[in-house]
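Okay, entry_2.csv is below, CSV, C-alpha atoms:
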chain,number,residue,atom,x,y,z
A,25,MET,CA,6.4,-66.9,0.9
A,26,GLN,CA,2.6,-66.9,0.7
A,27,LYS,CA,2.4,-68.4,4.2
A,28,PHE,CA,4.6,-65.6,5.5
A,29,PHE,CA,2.0,-63.0,4.8
A,30,LEU,CA,-0.6,-62.1,7.5
A,31,ASN,CA,-2.9,-65.1,7.9
A,32,THR,CA,-5.5,-63.0,9.8
A,33,VAL,CA,-6.7,-61.1,6.7
A,34,PRO,CA,-9.5,-62.3,4.4
A,35,LYS,CA,-8.2,-64.5,1.6
A,36,LYS,CA,-9.1,-63.7,-2.0
A,37,LYS,CA,-9.1,-66.8,-4.2
A,38,THR,CA,-9.0,-67.3,-7.9
A,39,SER,CA,-10.8,-70.0,-9.8
A,40,SER,CA,-7.9,-72.3,-9.3
A,41,ASN,CA,-8.1,-71.7,-5.5
A,42,ASN,CA,-4.7,-70.2,-5.3
A,43,LEU,CA,-4.1,-67.3,-2.9
A,44,VAL,CA,-3.6,-64.0,-4.6
A,45,LEU,CA,-2.6,-61.7,-1.8
A,46,TYR,CA,0.4,-60.0,-3.4
A,47,ASP,CA,2.0,-59.4,-6.7
A,48,ARG,CA,4.1,-62.5,-7.5
A,49,GLN,CA,5.6,-60.9,-10.6
A,50,LEU,CA,7.0,-58.0,-8.5
A,51,VAL,CA,8.6,-60.4,-6.0
A,52,TRP,CA,10.3,-62.5,-8.7
A,53,LEU,CA,11.2,-59.4,-10.7
A,54,SER,CA,13.1,-57.9,-7.7
A,55,ILE,CA,14.8,-61.2,-6.9
A,56,LEU,CA,15.9,-61.5,-10.6
A,57,LEU,CA,17.4,-58.0,-10.6
A,58,MET,CA,19.3,-58.7,-7.4
A,59,ALA,CA,20.6,-62.0,-8.9
A,60,VAL,CA,21.7,-60.2,-12.1
A,61,GLY,CA,23.4,-57.6,-9.9
A,62,LEU,CA,25.3,-60.2,-7.9
A,63,ILE,CA,26.5,-61.9,-11.0
A,64,ILE,CA,27.7,-58.6,-12.7
A,65,VAL,CA,29.2,-57.3,-9.4
A,66,SER,CA,31.1,-60.6,-9.1
A,67,SER,CA,32.6,-60.2,-12.6
A,68,ALA,CA,33.2,-56.4,-12.5
A,69,SER,CA,34.8,-56.4,-9.1
A,70,GLU,CA,37.2,-59.3,-9.5
A,71,PRO,CA,40.3,-57.3,-10.6
A,72,VAL,CA,40.0,-54.6,-7.9
A,73,SER,CA,39.2,-57.2,-5.3
A,74,MET,CA,42.4,-59.1,-6.1
A,75,LYS,CA,44.4,-55.8,-6.0
A,76,LEU,CA,43.0,-54.6,-2.7
A,77,PHE,CA,42.4,-57.8,-0.7
A,78,ASP,CA,44.1,-60.6,-2.7
A,79,GLU,CA,40.7,-62.3,-2.8
A,80,PRO,CA,38.8,-62.4,-6.1
A,81,PHE,CA,35.4,-62.7,-4.5
A,82,TYR,CA,35.7,-60.2,-1.6
A,83,PHE,CA,33.0,-57.8,-3.1
A,84,THR,CA,30.9,-60.8,-4.2
A,85,ILE,CA,30.7,-62.2,-0.7
A,86,HIS,CA,29.8,-58.8,0.7
A,87,GLN,CA,27.2,-58.1,-1.9
A,88,GLY,CA,25.7,-61.6,-1.3
A,89,SER,CA,25.6,-60.8,2.4
A,90,PHE,CA,23.9,-57.5,1.7
A,91,ALA,CA,21.3,-59.3,-0.5
A,92,LEU,CA,20.6,-61.8,2.2
A,93,LEU,CA,20.2,-59.1,4.8
A,94,ALA,CA,18.0,-57.1,2.4
A,95,LEU,CA,15.7,-60.1,1.9
A,96,LEU,CA,15.4,-60.8,5.7
A,97,LEU,CA,14.6,-57.2,6.4
A,98,SER,CA,12.1,-57.2,3.6
A,99,PHE,CA,10.3,-60.1,5.1
A,100,PHE,CA,10.0,-58.1,8.3
A,101,ILE,CA,8.8,-55.0,6.5
A,102,LEU,CA,6.1,-57.0,4.7
A,103,ASN,CA,4.3,-57.6,8.0
A,104,ILE,CA,4.1,-53.9,9.0
A,105,PRO,CA,0.8,-52.2,8.1
A,106,MET,CA,1.3,-49.0,6.0
A,107,TYR,CA,-0.8,-46.9,8.4
A,108,TRP,CA,2.0,-47.4,10.9
A,109,TRP,CA,4.5,-45.9,8.5
A,110,HIS,CA,2.1,-43.1,8.0
A,111,GLN,CA,2.0,-42.4,11.7
A,112,ILE,CA,5.8,-42.3,12.2
A,113,SER,CA,6.8,-40.7,8.9
A,114,GLY,CA,7.7,-37.5,10.7
A,115,ILE,CA,9.9,-39.4,13.2
A,116,VAL,CA,11.6,-41.3,10.4
A,117,LEU,CA,12.4,-38.0,8.7
A,118,LEU,CA,13.9,-36.5,11.9
A,119,VAL,CA,16.1,-39.6,12.2
A,120,ALA,CA,17.3,-39.2,8.6
A,121,LEU,CA,18.1,-35.5,9.2
A,122,PHE,CA,20.1,-36.4,12.3
A,123,LEU,CA,22.1,-39.1,10.3
A,124,LEU,CA,22.8,-36.6,7.5
A,125,LEU,CA,24.2,-34.2,10.1
A,126,VAL,CA,26.2,-36.9,11.9
A,127,VAL,CA,27.9,-38.1,8.7
A,128,ILE,CA,29.3,-34.6,8.0
A,129,PHE,CA,31.3,-34.8,11.2
A,130,VAL,CA,32.2,-38.5,11.7
A,131,GLY,CA,31.7,-39.9,8.2
A,132,SER,CA,34.5,-41.8,6.5
A,133,THR,CA,35.9,-39.9,3.4
A,134,VAL,CA,36.2,-41.6,0.1
A,135,ASN,CA,37.3,-39.7,-3.1
A,136,GLY,CA,36.8,-36.4,-1.2
A,137,ALA,CA,33.3,-37.1,-0.1
A,138,SER,CA,32.1,-37.9,3.5
A,139,ARG,CA,29.0,-39.9,2.7
A,140,TRP,CA,29.4,-43.0,4.9
A,141,ILE,CA,29.1,-43.8,8.6
A,142,PRO,CA,31.4,-46.7,9.6
A,143,LEU,CA,29.5,-49.4,11.3
A,144,GLY,CA,32.3,-52.0,11.4
A,145,VAL,CA,30.7,-54.6,9.2
A,146,PHE,CA,29.9,-52.1,6.5
A,147,ASN,CA,29.7,-48.4,5.8
A,148,PHE,CA,26.1,-47.0,6.0
A,149,GLN,CA,25.2,-44.2,3.6
A,150,PRO,CA,22.5,-42.0,5.2
A,151,ALA,CA,21.6,-40.4,1.9
A,152,GLU,CA,19.9,-43.7,0.8
A,153,PHE,CA,17.8,-43.8,4.0
A,154,ALA,CA,17.1,-40.1,3.6
A,155,LYS,CA,15.5,-40.6,0.2
A,156,LEU,CA,13.0,-43.1,1.5
A,157,SER,CA,12.3,-41.1,4.6
A,158,LEU,CA,11.6,-38.0,2.6
A,159,PHE,CA,9.1,-39.8,0.4
A,160,LEU,CA,7.4,-41.3,3.4
A,161,PHE,CA,7.1,-37.9,5.0
A,162,LEU,CA,5.9,-36.3,1.8
A,163,SER,CA,3.3,-39.0,1.3
A,164,GLY,CA,1.9,-38.3,4.7
A,165,TYR,CA,2.0,-34.6,4.2
A,166,LEU,CA,0.1,-34.8,0.9
A,167,VAL,CA,-2.6,-36.8,2.7
A,168,ARG,CA,-2.9,-34.3,5.6
A,169,ARG,CA,-2.5,-31.1,3.5
A,170,HIS,CA,-4.0,-32.3,0.2
A,171,GLU,CA,-6.3,-29.2,-0.2
A,172,GLN,CA,-3.5,-26.8,0.8
A,173,VAL,CA,-1.2,-28.2,-1.8
A,174,GLN,CA,-3.8,-27.8,-4.5
A,175,GLU,CA,-5.1,-24.4,-3.5
A,176,SER,CA,-2.3,-22.4,-1.8
A,177,PHE,CA,1.3,-21.6,-2.6
A,178,TYR,CA,2.2,-22.0,1.1
A,179,GLY,CA,0.9,-25.6,1.1
A,180,PHE,CA,3.0,-26.2,-2.0
A,181,LEU,CA,6.1,-24.5,-0.4
A,182,LYS,CA,6.3,-26.3,3.0
A,183,PRO,CA,7.6,-29.7,1.6
A,184,LEU,CA,10.1,-27.8,-0.5
A,185,ILE,CA,11.5,-26.3,2.7
A,186,VAL,CA,12.1,-29.8,4.1
A,187,LEU,CA,13.7,-30.7,0.8
A,188,GLY,CA,15.9,-27.6,1.0
A,189,VAL,CA,17.2,-28.5,4.5
A,190,MET,CA,18.0,-32.0,3.3
A,191,GLY,CA,19.7,-30.5,0.2
A,192,ILE,CA,22.0,-28.3,2.4
A,193,LEU,CA,23.0,-31.4,4.4
A,194,LEU,CA,23.6,-33.5,1.3
A,195,LEU,CA,25.6,-30.8,-0.4
A,196,ALA,CA,27.8,-30.5,2.6
A,197,GLN,CA,29.0,-34.1,2.1
A,198,PRO,CA,28.9,-33.4,-0.9
A,199,ASP,CA,26.2,-35.6,-2.6
A,200,PHE,CA,24.8,-33.6,-5.4
A,201,GLY,CA,23.3,-36.6,-7.2
A,202,SER,CA,21.1,-37.7,-4.3
A,203,PHE,CA,19.8,-34.2,-3.9
A,204,VAL,CA,18.8,-34.1,-7.6
A,205,VAL,CA,17.0,-37.5,-7.3
A,206,MET,CA,15.0,-36.2,-4.2
A,207,MET,CA,14.2,-32.9,-6.0
A,208,VAL,CA,12.8,-34.6,-9.1
A,209,THR,CA,10.9,-37.2,-7.2
A,210,THR,CA,9.4,-34.5,-4.9
A,211,ILE,CA,8.3,-32.5,-8.0
A,212,GLY,CA,6.7,-35.7,-9.4
A,213,MET,CA,4.8,-36.4,-6.2
A,214,LEU,CA,3.5,-32.9,-5.9
A,215,PHE,CA,2.3,-33.1,-9.5
A,216,ILE,CA,0.4,-36.3,-8.8
A,217,ALA,CA,-1.2,-34.6,-5.8
A,218,GLY,CA,-2.6,-31.9,-8.1
A,219,ALA,CA,-0.5,-28.8,-7.5
A,220,LYS,CA,-1.1,-26.0,-9.9
A,221,LEU,CA,0.8,-25.8,-13.2
A,222,TRP,CA,2.2,-22.3,-12.6
A,223,GLN,CA,3.7,-23.5,-9.3
A,224,PHE,CA,5.5,-26.2,-11.2
A,225,LEU,CA,6.8,-23.8,-13.8
A,226,ALA,CA,8.1,-21.6,-11.1
A,227,LEU,CA,9.7,-24.5,-9.3
A,228,ILE,CA,11.3,-25.9,-12.4
A,229,CYS,CA,12.8,-22.5,-13.2
A,230,VAL,CA,14.2,-22.2,-9.7
A,231,ALA,CA,15.5,-25.8,-9.8
A,232,VAL,CA,17.3,-25.2,-13.1
A,233,LEU,CA,18.8,-22.0,-11.9
A,234,SER,CA,19.9,-23.7,-8.6
A,235,VAL,CA,21.5,-26.6,-10.4
A,236,ILE,CA,23.4,-24.2,-12.8
A,237,SER,CA,24.6,-22.1,-9.8
A,238,LEU,CA,25.8,-25.2,-7.9
A,239,VAL,CA,27.7,-26.4,-10.9
A,240,LEU,CA,29.3,-23.0,-11.5
A,241,LEU,CA,30.3,-22.6,-7.8
A,242,GLU,CA,32.2,-25.9,-7.6
A,243,PRO,CA,35.2,-26.3,-10.0
A,244,TYR,CA,35.0,-30.1,-9.8
A,245,ARG,CA,31.3,-30.1,-10.9
A,246,MET,CA,32.2,-27.7,-13.8
A,247,GLU,CA,35.0,-30.0,-14.8
A,248,ARG,CA,32.6,-32.9,-14.9
A,249,VAL,CA,30.2,-31.0,-17.2
A,250,THR,CA,33.0,-30.0,-19.6
A,251,ALA,CA,34.4,-33.5,-19.6
A,252,PHE,CA,30.9,-34.9,-20.3
A,253,MET,CA,30.4,-32.5,-23.3
A,254,ASP,CA,33.7,-33.6,-24.9
A,255,PRO,CA,35.4,-36.4,-23.0
A,256,TRP,CA,37.9,-37.1,-25.9
A,257,ALA,CA,39.4,-33.6,-25.5
A,258,ASP,CA,41.2,-34.9,-22.4
A,259,PRO,CA,40.9,-38.8,-22.6
A,260,PHE,CA,43.6,-39.3,-19.9
A,261,GLY,CA,42.5,-36.6,-17.6
A,262,SER,CA,39.0,-35.2,-16.8
A,263,GLY,CA,37.4,-37.4,-19.6
A,264,TYR,CA,39.2,-40.6,-18.7
A,265,GLN,CA,36.3,-42.4,-16.8
A,266,LEU,CA,33.8,-41.6,-19.5
A,267,THR,CA,36.0,-42.6,-22.4
A,268,GLN,CA,36.7,-45.9,-20.8
A,269,SER,CA,33.0,-46.4,-20.2
A,270,LEU,CA,32.2,-45.6,-23.9
A,271,MET,CA,34.9,-48.0,-25.1
A,272,ALA,CA,33.3,-50.8,-22.9
A,273,PHE,CA,30.0,-50.3,-24.6
A,274,GLY,CA,31.7,-50.2,-28.0
A,275,ARG,CA,33.5,-53.5,-27.3
A,276,GLY,CA,30.2,-55.1,-26.3
A,277,GLY,CA,28.5,-54.8,-29.6
A,278,TRP,CA,25.2,-56.7,-29.9
A,279,PHE,CA,25.9,-59.8,-27.8
A,280,GLY,CA,29.0,-58.9,-25.8
A,281,GLN,CA,32.3,-60.4,-25.2
A,282,GLY,CA,30.9,-63.0,-22.8
A,283,LEU,CA,30.4,-63.1,-19.0
A,284,GLY,CA,33.8,-62.5,-17.3
A,285,ASN,CA,35.6,-61.4,-20.5
A,286,SER,CA,35.6,-57.7,-20.0
A,287,VAL,CA,38.9,-56.0,-20.6
A,288,ILE,CA,37.9,-52.5,-19.4
A,289,LYS,CA,37.3,-53.8,-15.9
A,290,LEU,CA,41.0,-54.7,-15.6
A,291,GLN,CA,41.6,-51.5,-13.6
A,292,TYR,CA,41.0,-49.3,-16.6
A,293,LEU,CA,37.6,-48.1,-15.5
A,294,PRO,CA,37.4,-46.7,-11.9
A,295,GLU,CA,34.2,-47.6,-9.9
A,296,ALA,CA,33.5,-50.4,-12.4
A,297,HIS,CA,31.4,-52.4,-9.9
A,298,THR,CA,29.4,-49.4,-8.5
A,299,ASP,CA,28.6,-46.3,-10.6
A,300,PHE,CA,29.7,-47.7,-13.9
A,301,ILE,CA,28.5,-51.3,-13.6
A,302,MET,CA,26.3,-50.9,-16.7
A,303,SER,CA,29.4,-50.3,-18.8
A,304,ILE,CA,30.8,-53.7,-17.8
A,305,LEU,CA,27.4,-55.3,-18.3
A,306,GLY,CA,27.3,-53.8,-21.8
A,307,GLU,CA,30.8,-55.0,-22.6
A,308,GLU,CA,30.2,-58.6,-21.4
A,309,MET,CA,26.5,-59.0,-22.4
A,310,GLY,CA,26.2,-56.5,-25.2
A,311,PHE,CA,23.3,-54.4,-26.3
A,312,VAL,CA,20.9,-57.3,-25.8
A,313,GLY,CA,22.0,-57.7,-22.1
A,314,VAL,CA,21.6,-54.0,-21.5
A,315,LEU,CA,18.2,-54.0,-23.1
A,316,ILE,CA,17.0,-56.9,-21.0
A,317,VAL,CA,18.1,-55.2,-17.8
A,318,LEU,CA,16.4,-51.9,-18.8
A,319,ILE,CA,13.2,-53.8,-19.6
A,320,LEU,CA,13.3,-55.4,-16.1
A,321,LEU,CA,13.9,-52.1,-14.4
A,322,LEU,CA,11.1,-50.4,-16.5
A,323,THR,CA,8.7,-53.2,-15.6
A,324,LEU,CA,9.5,-52.6,-11.9
A,325,VAL,CA,8.9,-48.9,-12.3
A,326,MET,CA,5.6,-49.5,-14.2
A,327,LYS,CA,4.5,-51.9,-11.4
A,328,ALA,CA,5.1,-49.2,-8.8
A,329,ILE,CA,3.1,-46.6,-10.8
A,330,TYR,CA,0.3,-49.1,-11.5
A,331,ILE,CA,0.1,-50.0,-7.8
A,332,GLY,CA,0.0,-46.2,-7.0
A,333,LYS,CA,-2.8,-45.5,-9.4
A,334,LYS,CA,-4.9,-48.4,-8.1
A,335,SER,CA,-4.3,-47.3,-4.5
A,336,LEU,CA,-5.4,-43.7,-5.3
A,337,ASP,CA,-8.5,-45.1,-7.0
A,338,LYS,CA,-9.4,-46.9,-3.8
A,339,ASN,CA,-8.8,-43.7,-1.8
A,340,MET,CA,-5.7,-45.2,-0.1
A,341,LEU,CA,-3.9,-41.9,-0.5
A,342,PHE,CA,-0.7,-42.5,1.6
A,343,ASN,CA,-0.1,-45.8,-0.1
A,344,GLY,CA,-0.7,-44.3,-3.5
A,345,TYR,CA,1.6,-41.3,-3.1
A,346,LEU,CA,4.3,-43.5,-1.7
A,347,SER,CA,4.1,-45.9,-4.6
A,348,PHE,CA,4.4,-43.1,-7.1
A,349,GLY,CA,7.3,-41.7,-5.2
A,350,ILE,CA,9.1,-45.1,-5.2
A,351,GLY,CA,8.4,-45.4,-9.0
A,352,PHE,CA,9.7,-41.9,-9.8
A,353,TRP,CA,12.8,-42.5,-7.5
A,354,PHE,CA,13.8,-45.8,-9.2
A,355,ALA,CA,13.1,-44.4,-12.7
A,356,PHE,CA,15.1,-41.2,-12.3
A,357,GLN,CA,18.0,-42.9,-10.6
A,358,THR,CA,18.2,-45.5,-13.3
A,359,LEU,CA,18.1,-42.8,-15.9
A,360,VAL,CA,20.9,-40.9,-14.2
A,361,ASN,CA,23.1,-43.9,-13.7
A,362,ILE,CA,22.8,-45.2,-17.3
A,363,GLY,CA,22.9,-41.7,-18.8
A,364,ALA,CA,26.2,-41.0,-17.0
A,365,ALA,CA,27.7,-44.3,-18.1
A,366,ALA,CA,26.6,-43.7,-21.7
A,367,GLY,CA,27.8,-40.1,-21.8
A,368,MET,CA,24.4,-38.6,-22.0
A,369,ILE,CA,24.6,-36.6,-18.7
A,370,PRO,CA,27.5,-35.7,-16.3
A,371,PRO,CA,28.5,-38.4,-13.8
A,372,LYS,CA,26.5,-38.2,-10.5
A,373,GLY,CA,27.8,-41.1,-8.4
A,374,LEU,CA,24.4,-42.9,-8.2
A,375,THR,CA,23.9,-46.6,-8.0
A,376,LEU,CA,21.9,-48.7,-10.5
A,377,PRO,CA,18.8,-49.9,-8.5
A,378,LEU,CA,19.3,-53.4,-7.1
A,379,ILE,CA,22.3,-54.1,-9.3
A,380,SER,CA,25.3,-51.9,-8.4
A,381,TYR,CA,27.5,-52.8,-5.4
A,382,GLY,CA,26.6,-51.2,-2.2
A,383,GLY,CA,24.9,-52.4,1.0
A,384,SER,CA,23.0,-49.2,1.8
A,385,SER,CA,21.5,-48.8,-1.6
A,386,LEU,CA,20.5,-52.5,-1.9
A,387,ILE,CA,19.0,-52.7,1.5
A,388,ILE,CA,17.0,-49.5,1.4
A,389,MET,CA,15.7,-50.1,-2.2
A,390,SER,CA,14.7,-53.7,-1.1
A,391,VAL,CA,12.8,-52.2,1.8
A,392,ALA,CA,11.1,-49.8,-0.6
A,393,ILE,CA,10.0,-52.7,-2.8
A,394,ALA,CA,8.8,-54.6,0.3
A,395,MET,CA,6.6,-51.6,1.0
A,396,LEU,CA,5.3,-51.7,-2.5
A,397,ILE,CA,4.4,-55.4,-2.1
A,398,ARG,CA,2.7,-54.5,1.2
A,399,ILE,CA,0.8,-51.7,-0.4
A,400,ASP,CA,-0.5,-54.0,-3.2
A,401,HIS,CA,-1.4,-56.6,-0.6
A,402,GLU,CA,-3.5,-54.1,1.4
A,403,ARG,CA,-5.2,-52.9,-1.8
A,404,ARG,CA,-6.1,-56.5,-2.7
A,405,VAL,CA,-7.5,-57.2,0.8
A,406,ASN,CA,-9.4,-53.9,0.7
A,407,PHE,CA,-10.9,-54.9,-2.7
A,408,LYS,CA,-12.0,-58.3,-1.2
A,409,VAL,CA,-13.5,-56.8,1.9
A,410,HIS,CA,-15.3,-53.9,0.2
A,411,GLY,CA,-15.8,-55.3,-3.2
Take the structure I supplied and represent it as structure tokens, if you would.
Amino acid sequence: MQKFFLNTVPKKKTSSNNLVLYDRQLVWLSILLMAVGLIIVSSASEPVSMKLFDEPFYFTIHQGSFALLALLLSFFILNIPMYWWHQISGIVLLVALFLLLVVIFVGSTVNGASRWIPLGVFNFQPAEFAKLSLFLFLSGYLVRRHEQVQESFYGFLKPLIVLGVMGILLLAQPDFGSFVVMMVTTIGMLFIAGAKLWQFLALICVAVLSVISLVLLEPYRMERVTAFMDPWADPFGSGYQLTQSLMAFGRGGWFGQGLGNSVIKLQYLPEAHTDFIMSILGEEMGFVGVLIVLILLLTLVMKAIYIGKKSLDKNMLFNGYLSFGIGFWFAFQTLVNIGAAAGMIPPKGLTLPLISYGGSSLIIMSVAIAMLIRIDHERRVNFKVHG
């Protein structure tokens, strides 16, 4: 992999004469999480795969293909300088908005939601691409309008207008979970950019009121909230999915039932290989297995934040803001996924980064990590050149 990186840049060497042009730990951490995801998807999806396709490894083969495609695309992304992404961030955002509009009219509908564009080989979910495109655009905006964001309410408001447009398109699908992830990450990036405290307080109040209104306006969202508050009140109705998830965690105990020995995955728990994959992991690998995966994901998030801080210290603002955005994105989406599976928050239909089944999520998140590696690479080269 070292030889794949640009060989035209200055090479920084350690005392052992080994090239240190990128964060090796970040690379292996990402690959390890993808491998864990492939193993758990293989176990969790076997019953539903047999039922739908009479093939126990249908979803495993597809997830493996997605992982291979994600790695190949990541190698390509690694060779693209970040200034190029800075220059085309507006174009990427427009493409994302167009895809969000297209999916409303031609998207395939699953469980009442039109979130996927059929591409033959697999279904593409524009919301995943929209997340990355928004954070790319916002990073560029914060570089161009840094003083406006800090000094005027208008500069603070403009990126929120873009977020609002995306939110309308996402809610039309509907995809409430992705909108919440984008909103929280946007707030975090604006905070890092130095927006004033009163602006955040006002934004948080508006966000909370908006979320409450959206929940009250849609009966199915209200049903999810009431089921989350007391799933055992209707364990075979609105609370069925959550009660099954909780029973899976309960059966897992400290060390689990063993890989492949889940009972809840035997068509008791819907979406066992996607939204609720952590429940199956908890049942088969126990508290220890869940803790290990959480530590791996936390380490990945901390790596992103560390890279962001170091980039900002070197005045590489676009790189720094994007790194923080990716870190906030991964952290909050992990929190929502695991919180929903554990009954701490209402279900939102979000994947667990790099682990849940899904080509769009796996590929886009792998691209985001490739950008992180590239950002760290450019920081190290910058340090070597300028000392």
Just to confirm, what's the straight-line distance from CA of Asn339 in chain A to CA of Ser176 in chain A in Å (one decimal)?
22.3 Å
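Compared by their closest atoms to Val65 in chain A, and using only C-alpha atoms, the residues A:Leu283, A:Ile362, A:Leu96, A:Leu45 rank with A:Leu283 nearest.
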CA of Asn343 in chain A and CA of Ala219 in chain A, how far apart in Å?
18.5 Å
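Between Leu315 in chain A and the candidates A:Asp299, A:Gly284, A:Trp278, A:Ala365, the tightest atom-to-atom separation, counting only C-alpha atoms, involves A:Trp278.
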Name the residues in contact with Leu184 in chain A at a cut-off of 12 Å, using all atoms listed in the file, excluding same-chain residues fewer than 6 positions from it; report them as a VMD selection string.
chain A and resid 158 161 to 162 165 173 177 to 178 190 to 191 206 to 211 213 to 214 223 to 224 227 230 to 231
Test item: residues at most 12 Å from Val130 in chain A, all atoms listed in the file, excluding those fewer than 2 positions along its chain, as JSON, numbers by chain:
{"A": [123, 124, 125, 126, 127, 128, 132, 133, 137, 138, 139, 140, 141, 142, 143, 147, 148, 197]}
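Between CA of Phe356 in chain A and CA of Ile101 in chain A there is a distance of 24.2 Å.
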Here is a test: counting only C-alpha atoms, which residue of A:Ala154, A:Ile236, A:Leu378, A:Ile288 is nearest to Leu193 in chain A?
A:Ala154
List as a count of residues only the protein and nucleic acid residues near range 71-87 of chain A, meaning an atom at most 10 Å away when all atoms listed in the file are counted, but skip any in the same chain fewer than 6 places from it.
22
Neighbours of Gly351 in chain A within 7 Å (all atoms listed in the file; same-chain residues fewer than 6 positions away dropped), as a tab-separated table (two decimals) with C-alpha atoms, in the coordinates of the input?
chain	number	residue	atom	x	y	z
A	325	VAL	CA	8.90	-48.90	-12.30
A	328	ALA	CA	5.10	-49.20	-8.80
A	329	ILE	CA	3.10	-46.60	-10.80
So that I can check the surroundings of Val312 in chain A, please list as number ranges by chain every protein, DNA and RNA residue that reaches within 9 Å of it, counting all atoms listed in the file and ignoring chain neighbours fewer than 4 positions away.
A: 277-280, 306, 316-317
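Nearest to Phe348 in chain A of all the residues A:Leu160, A:Ile228, A:Ile304, A:Leu321 is A:Leu160, based on all atoms listed in the file.
You can rank A:Ser202, A:Thr267, A:Ser98, A:Ser157 by their closest distance to Phe122 in chain A using all atoms listed in the file, and at the top of that list sits A:Ser157.
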